[in-house]
file model_5.pdb (PDB, C-alpha atoms and all ligand atoms)
ATOM      1  CA  MET A1004     121.780 131.843 100.810  1.00  0.00           C
ATOM      2  CA  GLU A1005     120.332 128.442 100.110  1.00  0.00           C
ATOM      3  CA  ASN A1006     122.132 125.505 101.626  1.00  0.00           C
ATOM      4  CA  ILE A1007     121.904 121.768 102.110  1.00  0.00           C
ATOM      5  CA  SER A1008     119.309 121.887 104.845  1.00  0.00           C
ATOM      6  CA  ASP A1009     117.107 123.967 102.579  1.00  0.00           C
ATOM      7  CA  ALA A1010     117.330 121.207  99.930  1.00  0.00           C
ATOM      8  CA  ALA A1011     116.461 118.626 102.578  1.00  0.00           C
ATOM      9  CA  ARG A1012     113.449 120.679 103.680  1.00  0.00           C
ATOM     10  CA  ILE A1013     112.152 121.042 100.103  1.00  0.00           C
ATOM     11  CA  LEU A1014     112.592 117.329  99.502  1.00  0.00           C
ATOM     12  CA  ARG A1015     110.791 116.380 102.687  1.00  0.00           C
ATOM     13  CA  ASP A1016     107.895 118.635 101.774  1.00  0.00           C
ATOM     14  CA  ILE A1017     107.547 117.278  98.220  1.00  0.00           C
ATOM     15  CA  ARG A1018     108.060 113.685  99.320  1.00  0.00           C
ATOM     16  CA  GLY A1019     105.237 114.231 101.815  1.00  0.00           C
ATOM     17  CA  ARG A1020     102.940 115.503  99.059  1.00  0.00           C
ATOM     18  CA  ILE A1021     103.759 112.458  96.903  1.00  0.00           C
ATOM     19  CA  ASP A1022     103.061 110.129  99.819  1.00  0.00           C
ATOM     20  CA  ARG A1023      99.727 111.789 100.607  1.00  0.00           C
ATOM     21  CA  ALA A1024      98.619 111.719  96.960  1.00  0.00           C
ATOM     22  CA  ALA A1025      99.540 108.032  96.798  1.00  0.00           C
ATOM     23  CA  GLN A1026      97.707 107.185 100.013  1.00  0.00           C
ATOM     24  CA  ALA A1027      94.602 109.072  98.897  1.00  0.00           C
ATOM     25  CA  ALA A1028      94.583 106.838  95.817  1.00  0.00           C
ATOM     26  CA  GLY A1029      95.003 103.662  97.858  1.00  0.00           C
ATOM     27  CA  ARG A1030      98.658 103.345  96.916  1.00  0.00           C
ATOM     28  CA  SER A1031     101.853 103.520  98.882  1.00  0.00           C
ATOM     29  CA  GLY A1032     104.271 106.420  98.474  1.00  0.00           C
ATOM     30  CA  GLY A1033     107.026 103.838  98.196  1.00  0.00           C
ATOM     31  CA  GLU A1034     105.689 102.914  94.745  1.00  0.00           C
ATOM     32  CA  VAL A1035     106.556 106.363  93.396  1.00  0.00           C
ATOM     33  CA  ALA A1036     110.131 107.375  92.602  1.00  0.00           C
ATOM     34  CA  LEU A1037     111.150 111.025  92.663  1.00  0.00           C
ATOM     35  CA  MET A1038     113.380 112.201  89.831  1.00  0.00           C
ATOM     36  CA  ALA A1039     115.088 115.580  90.102  1.00  0.00           C
ATOM     37  CA  VAL A1040     115.207 117.245  86.670  1.00  0.00           C
ATOM     38  CA  THR A1041     118.390 119.270  86.509  1.00  0.00           C
ATOM     39  CA  LYS A1042     118.220 121.374  83.337  1.00  0.00           C
ATOM     40  CA  THR A1043     119.778 124.833  83.818  1.00  0.00           C
ATOM     41  CA  VAL A1044     120.627 124.013  87.468  1.00  0.00           C
ATOM     42  CA  PRO A1045     124.334 124.231  88.409  1.00  0.00           C
ATOM     43  CA  ALA A1046     125.917 120.928  89.437  1.00  0.00           C
ATOM     44  CA  GLU A1047     126.707 122.267  92.937  1.00  0.00           C
ATOM     45  CA  ARG A1048     123.031 122.905  93.585  1.00  0.00           C
ATOM     46  CA  VAL A1049     122.064 119.496  92.191  1.00  0.00           C
ATOM     47  CA  ASN A1050     124.663 117.960  94.518  1.00  0.00           C
ATOM     48  CA  GLN A1051     122.984 119.560  97.536  1.00  0.00           C
ATOM     49  CA  PHE A1052     119.834 117.651  96.620  1.00  0.00           C
ATOM     50  CA  ILE A1053     121.788 114.458  95.981  1.00  0.00           C
ATOM     51  CA  ASP A1054     123.443 114.829  99.381  1.00  0.00           C
ATOM     52  CA  SER A1055     119.963 115.304 100.861  1.00  0.00           C
ATOM     53  CA  GLY A1056     118.661 112.034  99.445  1.00  0.00           C
ATOM     54  CA  VAL A1057     117.921 112.409  95.721  1.00  0.00           C
ATOM     55  CA  SER A1058     119.083 109.196  94.050  1.00  0.00           C
ATOM     56  CA  LEU A1059     117.718 109.734  90.540  1.00  0.00           C
ATOM     57  CA  ILE A1060     118.300 112.724  88.282  1.00  0.00           C
ATOM     58  CA  GLY A1061     116.933 113.525  84.824  1.00  0.00           C
ATOM     59  CA  GLU A1062     118.978 115.172  82.089  1.00  0.00           C
ATOM     60  CA  ASN A1063     117.594 116.976  79.038  1.00  0.00           C
ATOM     61  CA  ARG A1064     120.469 118.234  76.966  1.00  0.00           C
ATOM     62  CA  VAL A1065     123.526 116.230  75.993  1.00  0.00           C
ATOM     63  CA  GLN A1066     126.028 119.087  76.068  1.00  0.00           C
ATOM     64  CA  GLU A1067     124.819 120.477  79.388  1.00  0.00           C
ATOM     65  CA  PHE A1068     124.891 116.959  80.846  1.00  0.00           C
ATOM     66  CA  LEU A1069     128.439 116.282  79.667  1.00  0.00           C
ATOM     67  CA  ASP A1070     129.568 119.614  81.117  1.00  0.00           C
ATOM     68  CA  LYS A1071     128.148 118.734  84.528  1.00  0.00           C
ATOM     69  CA  TYR A1072     128.745 114.973  84.576  1.00  0.00           C
ATOM     70  CA  ASP A1073     132.149 114.985  86.252  1.00  0.00           C
ATOM     71  CA  SER A1074     130.956 117.309  89.008  1.00  0.00           C
ATOM     72  CA  TYR A1075     127.996 115.230  90.159  1.00  0.00           C
ATOM     73  CA  HIS A1076     128.218 113.220  93.366  1.00  0.00           C
ATOM     74  CA  LYS A1077     127.646 109.906  91.618  1.00  0.00           C
ATOM     75  CA  GLU A1078     127.809 107.353  94.419  1.00  0.00           C
ATOM     76  CA  GLY A1079     124.456 105.568  94.456  1.00  0.00           C
ATOM     77  CA  LEU A1080     123.144 107.977  91.837  1.00  0.00           C
ATOM     78  CA  LYS A1081     121.045 106.870  88.860  1.00  0.00           C
ATOM     79  CA  ILE A1082     120.961 109.110  85.811  1.00  0.00           C
ATOM     80  CA  ALA A1083     118.144 109.141  83.268  1.00  0.00           C
ATOM     81  CA  PHE A1084     118.168 110.961  79.963  1.00  0.00           C
ATOM     82  CA  ILE A1085     114.726 112.494  79.405  1.00  0.00           C
ATOM     83  CA  GLY A1086     115.166 115.114  76.668  1.00  0.00           C
ATOM     84  CA  HIS A1087     114.749 114.833  72.936  1.00  0.00           C
ATOM     85  CA  LEU A1088     117.755 112.834  71.780  1.00  0.00           C
ATOM     86  CA  GLN A1089     119.310 113.038  68.340  1.00  0.00           C
ATOM     87  CA  ARG A1090     120.669 109.783  67.019  1.00  0.00           C
ATOM     88  CA  ASN A1091     124.135 111.195  66.450  1.00  0.00           C
ATOM     89  CA  LYS A1092     124.402 112.118  70.162  1.00  0.00           C
ATOM     90  CA  VAL A1093     123.662 108.653  71.535  1.00  0.00           C
ATOM     91  CA  LYS A1094     127.343 107.753  71.488  1.00  0.00           C
ATOM     92  CA  TYR A1095     128.176 110.491  74.000  1.00  0.00           C
ATOM     93  CA  ILE A1096     125.798 109.237  76.677  1.00  0.00           C
ATOM     94  CA  ALA A1097     125.622 105.463  76.103  1.00  0.00           C
ATOM     95  CA  ASP A1098     128.183 104.732  78.837  1.00  0.00           C
ATOM     96  CA  LYS A1099     127.038 107.472  81.248  1.00  0.00           C
ATOM     97  CA  VAL A1100     123.311 107.094  81.811  1.00  0.00           C
ATOM     98  CA  ASP A1101     121.330 104.301  83.447  1.00  0.00           C
ATOM     99  CA  ARG A1102     118.208 104.806  81.394  1.00  0.00           C
ATOM    100  CA  ILE A1103     116.851 106.707  78.409  1.00  0.00           C
ATOM    101  CA  GLU A1104     113.202 107.717  78.852  1.00  0.00           C
ATOM    102  CA  SER A1105     112.667 109.713  75.687  1.00  0.00           C
ATOM    103  CA  VAL A1106     112.791 106.988  73.038  1.00  0.00           C
ATOM    104  CA  ASP A1107     110.447 108.339  70.401  1.00  0.00           C
ATOM    105  CA  SER A1108     111.313 106.414  67.232  1.00  0.00           C
ATOM    106  CA  LEU A1109     112.416 102.989  66.073  1.00  0.00           C
ATOM    107  CA  ALA A1110     115.505 104.575  64.508  1.00  0.00           C
ATOM    108  CA  LEU A1111     116.573 106.066  67.846  1.00  0.00           C
ATOM    109  CA  ALA A1112     116.006 102.740  69.614  1.00  0.00           C
ATOM    110  CA  GLU A1113     118.132 101.018  66.967  1.00  0.00           C
ATOM    111  CA  GLU A1114     120.987 103.461  67.472  1.00  0.00           C
ATOM    112  CA  ILE A1115     120.825 103.084  71.272  1.00  0.00           C
ATOM    113  CA  GLY A1116     120.806  99.320  70.854  1.00  0.00           C
ATOM    114  CA  ARG A1117     123.731  99.387  68.470  1.00  0.00           C
ATOM    115  CA  ARG A1118     125.878 101.665  70.636  1.00  0.00           C
ATOM    116  CA  CYS A1119     125.076  99.815  73.862  1.00  0.00           C
ATOM    117  CA  ALA A1120     125.611  96.364  72.399  1.00  0.00           C
ATOM    118  CA  ALA A1121     129.008  97.562  71.170  1.00  0.00           C
ATOM    119  CA  ILE A1122     130.068  98.398  74.729  1.00  0.00           C
ATOM    120  CA  GLY A1123     128.561  95.245  76.150  1.00  0.00           C
ATOM    121  CA  ARG A1124     125.548  96.654  77.922  1.00  0.00           C
ATOM    122  CA  ARG A1125     121.807  96.694  77.678  1.00  0.00           C
ATOM    123  CA  MET A1126     120.181 100.093  78.172  1.00  0.00           C
ATOM    124  CA  ASP A1127     116.890 100.408  80.023  1.00  0.00           C
ATOM    125  CA  ILE A1128     114.611 102.482  77.817  1.00  0.00           C
ATOM    126  CA  LEU A1129     111.144 103.927  78.197  1.00  0.00           C
ATOM    127  CA  LEU A1130     109.018 104.538  75.150  1.00  0.00           C
ATOM    128  CA  GLU A1131     107.708 108.078  74.970  1.00  0.00           C
ATOM    129  CA  VAL A1132     104.051 108.257  74.017  1.00  0.00           C
ATOM    130  CA  ASN A1133     102.539 111.365  72.445  1.00  0.00           C
ATOM    131  CA  ILE A1134      99.390 110.799  74.434  1.00  0.00           C
ATOM    132  CA  GLY A1135      97.728 114.051  73.418  1.00  0.00           C
ATOM    133  CA  GLY A1136      98.471 113.476  69.727  1.00  0.00           C
ATOM    134  CA  GLU A1137     100.109 116.913  69.569  1.00  0.00           C
ATOM    135  CA  ALA A1138     102.006 117.929  66.433  1.00  0.00           C
ATOM    136  CA  SER A1139     104.487 119.871  68.594  1.00  0.00           C
ATOM    137  CA  LYS A1140     105.510 116.862  70.690  1.00  0.00           C
ATOM    138  CA  SER A1141     107.579 113.839  69.899  1.00  0.00           C
ATOM    139  CA  GLY A1142     106.711 110.311  70.916  1.00  0.00           C
ATOM    140  CA  PHE A1143     104.929 107.309  69.498  1.00  0.00           C
ATOM    141  CA  ALA A1144     101.248 107.585  68.712  1.00  0.00           C
ATOM    142  CA  LYS A1145      99.434 105.184  70.988  1.00  0.00           C
ATOM    143  CA  GLU A1146      98.092 103.295  67.962  1.00  0.00           C
ATOM    144  CA  GLU A1147     101.684 102.772  66.856  1.00  0.00           C
ATOM    145  CA  LEU A1148     102.877 101.145  70.072  1.00  0.00           C
ATOM    146  CA  GLU A1149     101.613  97.647  69.549  1.00  0.00           C
ATOM    147  CA  GLY A1150     103.458  97.426  66.227  1.00  0.00           C
ATOM    148  CA  VAL A1151     106.809  98.825  67.381  1.00  0.00           C
ATOM    149  CA  LEU A1152     107.046  97.090  70.756  1.00  0.00           C
ATOM    150  CA  PRO A1153     108.160  93.696  69.423  1.00  0.00           C
ATOM    151  CA  GLN A1154     110.519  95.354  66.920  1.00  0.00           C
ATOM    152  CA  ILE A1155     112.246  97.378  69.614  1.00  0.00           C
ATOM    153  CA  ALA A1156     112.200  94.521  72.105  1.00  0.00           C
ATOM    154  CA  ALA A1157     114.059  92.368  69.594  1.00  0.00           C
ATOM    155  CA  LEU A1158     116.989  94.793  69.362  1.00  0.00           C
ATOM    156  CA  PRO A1159     120.233  93.885  71.086  1.00  0.00           C
ATOM    157  CA  GLY A1160     121.456  96.402  73.641  1.00  0.00           C
ATOM    158  CA  VAL A1161     118.077  97.598  74.916  1.00  0.00           C
ATOM    159  CA  ARG A1162     115.548  96.514  77.509  1.00  0.00           C
ATOM    160  CA  ILE A1163     112.090  98.098  77.460  1.00  0.00           C
ATOM    161  CA  ALA A1164     111.436  99.157  81.048  1.00  0.00           C
ATOM    162  CA  GLY A1165     108.291 101.227  80.743  1.00  0.00           C
ATOM    163  CA  LEU A1166     106.511 104.228  79.278  1.00  0.00           C
ATOM    164  CA  MET A1167     106.836 107.981  79.589  1.00  0.00           C
ATOM    165  CA  ALA A1168     104.572 110.832  78.528  1.00  0.00           C
ATOM    166  CA  ILE A1169     104.167 114.581  78.710  1.00  0.00           C
ATOM    167  CA  PRO A1170     100.450 115.342  78.360  1.00  0.00           C
ATOM    168  CA  PRO A1171      99.095 118.542  76.832  1.00  0.00           C
ATOM    169  CA  ALA A1172      99.478 121.542  79.149  1.00  0.00           C
ATOM    170  CA  ALA A1173      96.508 121.624  81.493  1.00  0.00           C
ATOM    171  CA  GLU A1174      95.555 123.206  84.795  1.00  0.00           C
ATOM    172  CA  GLY A1175      95.128 121.211  87.979  1.00  0.00           C
ATOM    173  CA  GLU A1176      93.371 117.929  87.328  1.00  0.00           C
ATOM    174  CA  GLY A1177      93.189 118.604  83.582  1.00  0.00           C
ATOM    175  CA  ALA A1178      95.877 116.083  82.722  1.00  0.00           C
ATOM    176  CA  ALA A1179      94.094 113.245  84.534  1.00  0.00           C
ATOM    177  CA  PRO A1180      92.363 111.762  81.440  1.00  0.00           C
ATOM    178  CA  TYR A1181      95.740 111.548  79.662  1.00  0.00           C
ATOM    179  CA  PHE A1182      97.418 110.000  82.688  1.00  0.00           C
ATOM    180  CA  ARG A1183      94.624 107.432  82.984  1.00  0.00           C
ATOM    181  CA  GLU A1184      94.995 106.550  79.330  1.00  0.00           C
ATOM    182  CA  MET A1185      98.716 106.024  79.886  1.00  0.00           C
ATOM    183  CA  GLU A1186      98.056 103.798  82.878  1.00  0.00           C
ATOM    184  CA  LYS A1187      95.699 101.700  80.776  1.00  0.00           C
ATOM    185  CA  LEU A1188      98.329 101.301  78.036  1.00  0.00           C
ATOM    186  CA  PHE A1189     100.933 100.402  80.669  1.00  0.00           C
ATOM    187  CA  ILE A1190      98.723  97.706  82.199  1.00  0.00           C
ATOM    188  CA  ASP A1191      97.599  96.325  78.832  1.00  0.00           C
ATOM    189  CA  ILE A1192     101.195  95.975  77.659  1.00  0.00           C
ATOM    190  CA  LYS A1193     102.259  94.449  80.977  1.00  0.00           C
ATOM    191  CA  HIS A1194      99.587  91.782  80.594  1.00  0.00           C
ATOM    192  CA  LYS A1195     100.930  90.800  77.178  1.00  0.00           C
ATOM    193  CA  LYS A1196     104.125  89.534  78.810  1.00  0.00           C
ATOM    194  CA  LEU A1197     106.233  90.167  75.712  1.00  0.00           C
ATOM    195  CA  ASP A1198     109.865  89.080  75.681  1.00  0.00           C
ATOM    196  CA  ASN A1199     112.231  91.846  76.829  1.00  0.00           C
ATOM    197  CA  VAL A1200     109.312  94.143  77.715  1.00  0.00           C
ATOM    198  CA  PHE A1201     109.136  94.973  81.431  1.00  0.00           C
ATOM    199  CA  MET A1202     106.489  97.479  82.407  1.00  0.00           C
ATOM    200  CA  GLU A1203     108.217  98.643  85.600  1.00  0.00           C
ATOM    201  CA  THR A1204     108.230 102.405  85.221  1.00  0.00           C
ATOM    202  CA  LEU A1205     105.346 104.642  84.251  1.00  0.00           C
ATOM    203  CA  SER A1206     107.006 108.058  84.133  1.00  0.00           C
ATOM    204  CA  LEU A1207     104.278 110.683  84.481  1.00  0.00           C
ATOM    205  CA  GLY A1208     103.966 113.989  86.277  1.00  0.00           C
ATOM    206  CA  MET A1209     105.966 117.211  86.503  1.00  0.00           C
ATOM    207  CA  SER A1210     105.922 120.121  88.967  1.00  0.00           C
ATOM    208  CA  GLY A1211     102.478 121.332  87.954  1.00  0.00           C
ATOM    209  CA  ASP A1212     100.669 118.014  87.956  1.00  0.00           C
ATOM    210  CA  PHE A1213     102.627 115.395  89.904  1.00  0.00           C
ATOM    211  CA  GLU A1214      99.930 114.780  92.509  1.00  0.00           C
ATOM    212  CA  THR A1215      97.371 114.165  89.772  1.00  0.00           C
ATOM    213  CA  ALA A1216      99.848 111.819  88.069  1.00  0.00           C
ATOM    214  CA  VAL A1217     100.392 109.882  91.307  1.00  0.00           C
ATOM    215  CA  SER A1218      96.660 109.495  91.764  1.00  0.00           C
ATOM    216  CA  CYS A1219      96.499 108.096  88.202  1.00  0.00           C
ATOM    217  CA  GLY A1220      99.164 105.414  88.637  1.00  0.00           C
ATOM    218  CA  SER A1221     102.491 107.123  87.958  1.00  0.00           C
ATOM    219  CA  THR A1222     105.458 105.205  89.359  1.00  0.00           C
ATOM    220  CA  GLN A1223     107.901 108.073  88.821  1.00  0.00           C
ATOM    221  CA  VAL A1224     107.469 111.832  88.849  1.00  0.00           C
ATOM    222  CA  ARG A1225     109.950 114.137  87.100  1.00  0.00           C
ATOM    223  CA  LEU A1226     110.363 117.331  89.095  1.00  0.00           C
ATOM    224  CA  GLY A1227     112.336 120.413  88.142  1.00  0.00           C
ATOM    225  CA  SER A1228     111.056 123.836  89.124  1.00  0.00           C
ATOM    226  CA  ILE A1229     109.257 122.745  92.288  1.00  0.00           C
ATOM    227  CA  LEU A1230     112.597 121.551  93.674  1.00  0.00           C
ATOM    228  CA  PHE A1231     115.062 124.034  92.198  1.00  0.00           C
ATOM    229  CA  GLY A1232     112.914 127.118  91.582  1.00  0.00           C
ATOM    230  CA  GLU A1233     111.707 128.612  88.306  1.00  0.00           C
ATOM    231  CA  ARG A1234     114.177 128.348  85.428  1.00  0.00           C
ATOM    232  CA  GLN A1235     115.617 131.567  84.007  1.00  0.00           C
ATOM    233  CA  SER A1236     115.718 130.291  80.450  1.00  0.00           C
ATOM    234  CA  GLN A1237     113.205 128.082  78.697  1.00  0.00           C
ATOM    235  CA  VAL A1238     114.417 124.687  77.577  1.00  0.00           C
TER     236      VAL A1238
HETATM  237  C1  LIG B   1     111.802 120.076  82.348  1.00  0.00           C
HETATM  238  C2  LIG B   1     111.191 118.722  82.355  1.00  0.00           C
HETATM  239  C3  LIG B   1     110.543 118.217  83.493  1.00  0.00           C
HETATM  240  C4  LIG B   1     110.382 119.011  84.773  1.00  0.00           C
HETATM  241  O1  LIG B   1     109.591 120.140  84.568  1.00  0.00           O
HETATM  242  P1  LIG B   1     109.081 121.024  85.798  1.00  0.00           P
HETATM  243  O2  LIG B   1     107.767 121.547  85.332  1.00  0.00           O
HETATM  244  O3  LIG B   1     110.093 122.074  86.014  1.00  0.00           O
HETATM  245  O4  LIG B   1     108.936 120.114  86.957  1.00  0.00           O
HETATM  246  C5  LIG B   1     110.034 116.931  83.431  1.00  0.00           C
HETATM  247  N1  LIG B   1     110.144 116.172  82.331  1.00  0.00           N
HETATM  248  C6  LIG B   1     110.749 116.624  81.211  1.00  0.00           C
HETATM  249  C7  LIG B   1     110.827 115.722  80.026  1.00  0.00           C
HETATM  250  C8  LIG B   1     111.287 117.910  81.194  1.00  0.00           C
HETATM  251  O5  LIG B   1     111.890 118.337  80.082  1.00  0.00           O
END
call {"tool": "encode", "arguments": {"input": "model_5.pdb", "output": "structure tokens", "more": "lines below"}}
Ligand SMILES: *Cc1c(COP(=O)(O)O)cnc(C)c1O
result
Amino acid sequence: MENISDAARILRDIRGRIDRAAQAAGRSGGEVALMAVTKTVPAERVNQFIDSGVSLIGENRVQEFLDKYDSYHKEGLKIAFIGHLQRNKVKYIADKVDRIESVDSLALAEEIGRRCAAIGRRMDILLEVNIGGEASKSGFAKEELEGVLPQIAALPGVRIAGLMAIPPAAEGEGAAPYFREMEKLFIDIKHKKLDNVFMETLSLGMSGDFETAVSCGSTQVRLGSILFGERQSQV
């Protein structure tokens, strides 16, 4: 049976790999946050990782999240929503998550802003960029970003905290050109110093490519299967 110490061992191992990838790139491991992506994982198992030091989790599906929300050990825990989000579901999560990373349209940003302003908060959001220009993926085209940034930044109830991307599936270092392009966008936008635009988080890297992402400037990796094991069902 797996237990808490097994979660702690996995975390130590992965944290070590993040730190080494950062150091090899002349960065510090402390610049890279580790998010545990919980889809399909029972709350009890997620809690073992939280108890072992995970302080940030990522949620993909609204219903699954709501089912598990009450069970999570929430003290000191930050929760990010990272899955495709329908506008009519925003109301269910607006008071429960700390950040929404999968903002892929102006209309979604408007709904988040409206719902959050109504409950007196400002939601940290990341803009999702379809960096590979894939028809199958959501996200803003990179050419679109410059135009929508000021529009979204002007909305009440949101605060633009960074960028997120899922590059085209690639082996090993294959995602590096996409990650580098994201880092360039992130830095260019940061230099513009737009009102209500804070380029703090560059969310790049999953189980198969997190070390490459760290070497290309990621400030947050989103890890599911490498922590919790392969998922039974595809999400
Ligand atoms: C599932 C998922 C992840 C984690 O994927 P793994 O390959 O299991 O690490 C990261 N980000 C998003 C948006 C996901 O949906």
call {"tool": "axis_aligned_box", "arguments": {"input": "model_5.pdb", "around": "region 1089-1097 of chain A", "padding_each_side": "4 Å", "output": "lines of an AutoDock Vina configuration file"}}
result
center_x = 123.7
center_y = 109.3
center_z = 71.6
size_x = 16.9
size_y = 15.6
size_z = 18.2
call {"tool": "closest_residue", "arguments": {"input": "model_5.pdb", "among": "A:Leu1205, A:Ala1178, A:Ala1010, A:Leu1059", "to": "Glu1047 (chain A)", "atoms": "all atoms listed in the file"}}
result
A:Ala1010
call {"tool": "resolve_selection", "arguments": {"input": "model_5.pdb", "expression": "the PyMOL selection byres (((chain A and resi 1013-1025) around 9) and not hetatm)", "output": "PyMOL selection string"}}
result
chain A and resi 1008-1012+1026-1035+1037+1052+1055-1057+1213-1218+1220+1224+1229-1231
call {"tool": "write_last_selection", "arguments": {"input": "model_5.pdb", "atoms": "C-alpha atoms", "output": "PDB file, keeping the file's coordinate frame"}}
result
ATOM      1  CA  SER A1008     119.309 121.887 104.845  1.00  0.00           C
ATOM      2  CA  ASP A1009     117.107 123.967 102.579  1.00  0.00           C
ATOM      3  CA  ALA A1010     117.330 121.207  99.930  1.00  0.00           C
ATOM      4  CA  ALA A1011     116.461 118.626 102.578  1.00  0.00           C
ATOM      5  CA  ARG A1012     113.449 120.679 103.680  1.00  0.00           C
ATOM      6  CA  GLN A1026      97.707 107.185 100.013  1.00  0.00           C
ATOM      7  CA  ALA A1027      94.602 109.072  98.897  1.00  0.00           C
ATOM      8  CA  ALA A1028      94.583 106.838  95.817  1.00  0.00           C
ATOM      9  CA  GLY A1029      95.003 103.662  97.858  1.00  0.00           C
ATOM     10  CA  ARG A1030      98.658 103.345  96.916  1.00  0.00           C
ATOM     11  CA  SER A1031     101.853 103.520  98.882  1.00  0.00           C
ATOM     12  CA  GLY A1032     104.271 106.420  98.474  1.00  0.00           C
ATOM     13  CA  GLY A1033     107.026 103.838  98.196  1.00  0.00           C
ATOM     14  CA  GLU A1034     105.689 102.914  94.745  1.00  0.00           C
ATOM     15  CA  VAL A1035     106.556 106.363  93.396  1.00  0.00           C
ATOM     16  CA  LEU A1037     111.150 111.025  92.663  1.00  0.00           C
ATOM     17  CA  PHE A1052     119.834 117.651  96.620  1.00  0.00           C
ATOM     18  CA  SER A1055     119.963 115.304 100.861  1.00  0.00           C
ATOM     19  CA  GLY A1056     118.661 112.034  99.445  1.00  0.00           C
ATOM     20  CA  VAL A1057     117.921 112.409  95.721  1.00  0.00           C
ATOM     21  CA  PHE A1213     102.627 115.395  89.904  1.00  0.00           C
ATOM     22  CA  GLU A1214      99.930 114.780  92.509  1.00  0.00           C
ATOM     23  CA  THR A1215      97.371 114.165  89.772  1.00  0.00           C
ATOM     24  CA  ALA A1216      99.848 111.819  88.069  1.00  0.00           C
ATOM     25  CA  VAL A1217     100.392 109.882  91.307  1.00  0.00           C
ATOM     26  CA  SER A1218      96.660 109.495  91.764  1.00  0.00           C
ATOM     27  CA  GLY A1220      99.164 105.414  88.637  1.00  0.00           C
ATOM     28  CA  VAL A1224     107.469 111.832  88.849  1.00  0.00           C
ATOM     29  CA  ILE A1229     109.257 122.745  92.288  1.00  0.00           C
ATOM     30  CA  LEU A1230     112.597 121.551  93.674  1.00  0.00           C
ATOM     31  CA  PHE A1231     115.062 124.034  92.198  1.00  0.00           C
TER      32      PHE A1231
END
call {"tool": "resolve_selection", "arguments": {"input": "model_5.pdb", "expression": "the PyMOL selection byres (((not hetatm)) within 6 of (chain B and resi 1))", "output": "list of chain:residue names"}}
result
A:Val1040, A:Asn1063, A:Ile1085, A:Gly1086, A:Met1209, A:Ser1210, A:Gly1211, A:Arg1225, A:Leu1226, A:Gly1227, A:Ser1228, A:Ile1229
call {"tool": "resolve_selection", "arguments": {"input": "model_5.pdb", "expression": "the PyMOL selection byres (((chain A and resi 1123-1125) around 10) and not hetatm)", "output": "MDAnalysis selection string"}}
result
chainID A and resid 1097:1098 1101:1102 1115:1122 1126:1128 1158:1163
call {"tool": "residues_around", "arguments": {"input": "model_5.pdb", "residues": "Glu1186 (chain A)", "least_positions_apart": "2", "cutoff": "8 Å", "atoms": "all atoms listed in the file", "output": "list in words"}}
result
Phe1182, Arg1183, Glu1184, Leu1188, Phe1189, Ile1190, Leu1205, Cys1219, Gly1220 and Ser1221 of chain A
call {"tool": "residues_near_point", "arguments": {"input": "model_5.pdb", "point": "(110.7, 108.3, 79.4)", "cutoff": "8 Å", "atoms": "all atoms listed in the file", "output": "list in words"}}
result
Phe1084, Ile1085, Ile1103, Glu1104, Ser1105, Val1106, Ile1128, Leu1129, Leu1130, Glu1131, Gly1165, Leu1166, Met1167, Ala1168 and Ser1206 of chain A
call {"tool": "write_last_selection", "arguments": {"input": "model_5.pdb", "atoms": "C-alpha atoms", "output": "short mmCIF file (atom, residue, chain, number, x, y, z; two decimals), keeping the file's coordinate frame"}}
result
data_model
loop_
_atom_site.label_atom_id
_atom_site.label_comp_id
_atom_site.auth_asym_id
_atom_site.auth_seq_id
_atom_site.Cartn_x
_atom_site.Cartn_y
_atom_site.Cartn_z
CA PHE A 1084 118.17 110.96 79.96
CA ILE A 1085 114.73 112.49 79.40
CA ILE A 1103 116.85 106.71 78.41
CA GLU A 1104 113.20 107.72 78.85
CA SER A 1105 112.67 109.71 75.69
CA VAL A 1106 112.79 106.99 73.04
CA ILE A 1128 114.61 102.48 77.82
CA LEU A 1129 111.14 103.93 78.20
CA LEU A 1130 109.02 104.54 75.15
CA GLU A 1131 107.71 108.08 74.97
CA GLY A 1165 108.29 101.23 80.74
CA LEU A 1166 106.51 104.23 79.28
CA MET A 1167 106.84 107.98 79.59
CA ALA A 1168 104.57 110.83 78.53
CA SER A 1206 107.01 108.06 84.13
#
call {"tool": "atom_distance", "arguments": {"input": "model_5.pdb", "atom1": "CA of Thr1043 (chain A)", "atom2": "CA of Arg1234 (chain A)"}}
result
6.8 Å
call {"tool": "atom_distance", "arguments": {"input": "model_5.pdb", "atom1": "CA of Ala1110 (chain A)", "atom2": "CA of Lys1196 (chain A)"}}
result
23.7 Å
call {"tool": "residues_around", "arguments": {"input": "model_5.pdb", "residues": "Glu1078 (chain A)", "least_positions_apart": "6", "cutoff": "10 Å", "atoms": "all atoms listed in the file", "output": "ChimeraX atom specification"}}
result
/A:1053-1054,1058
call {"tool": "atom_distance", "arguments": {"input": "model_5.pdb", "atom1": "CA of Glu1233 (chain A)", "atom2": "CA of Pro1045 (chain A)"}}
result
13.4 Å
call {"tool": "closest_residue", "arguments": {"input": "model_5.pdb", "among": "A:Ser1139, A:Ala1036, A:Gln1089, A:Val1049", "to": "Ala1112 (chain A)", "atoms": "all atoms listed in the file"}}
result
A:Gln1089
call {"tool": "closest_residue", "arguments": {"input": "model_5.pdb", "among": "A:Asn1091, A:Ala1144, A:Val1065, A:Val1100", "to": "Lys1077 (chain A)", "atoms": "all atoms listed in the file"}}
result
A:Val1100
call {"tool": "closest_residue", "arguments": {"input": "model_5.pdb", "among": "A:Ser1074, A:Gln1223, A:Asn1199, A:Thr1041", "to": "Pro1153 (chain A)", "atoms": "only C-alpha atoms"}}
result
A:Asn1199
call {"tool": "closest_residue", "arguments": {"input": "model_5.pdb", "among": "A:Val1200, A:Ile1134, A:Leu1207, A:Leu1080", "to": "Ala1156 (chain A)", "atoms": "all atoms listed in the file"}}
result
A:Val1200
call {"tool": "decode", "arguments": {"input": "model_5.pdb", "residues": "region 1065-1071 of chain A", "atoms": "C-alpha atoms", "output": "short mmCIF file (atom, residue, chain, number, x, y, z; two decimals), in the first residue's frame"}}
result
data_model
loop_
_atom_site.label_atom_id
_atom_site.label_comp_id
_atom_site.auth_asym_id
_atom_site.auth_seq_id
_atom_site.Cartn_x
_atom_site.Cartn_y
_atom_site.Cartn_z
CA VAL A 1065 -15.60 21.66 -12.26
CA GLN A 1066 -17.80 18.77 -11.12
CA GLU A 1067 -14.90 16.59 -10.00
CA PHE A 1068 -13.42 19.58 -8.16
CA LEU A 1069 -16.66 20.38 -6.35
CA ASP A 1070 -17.01 16.74 -5.33
CA LYS A 1071 -13.55 16.72 -3.78
#
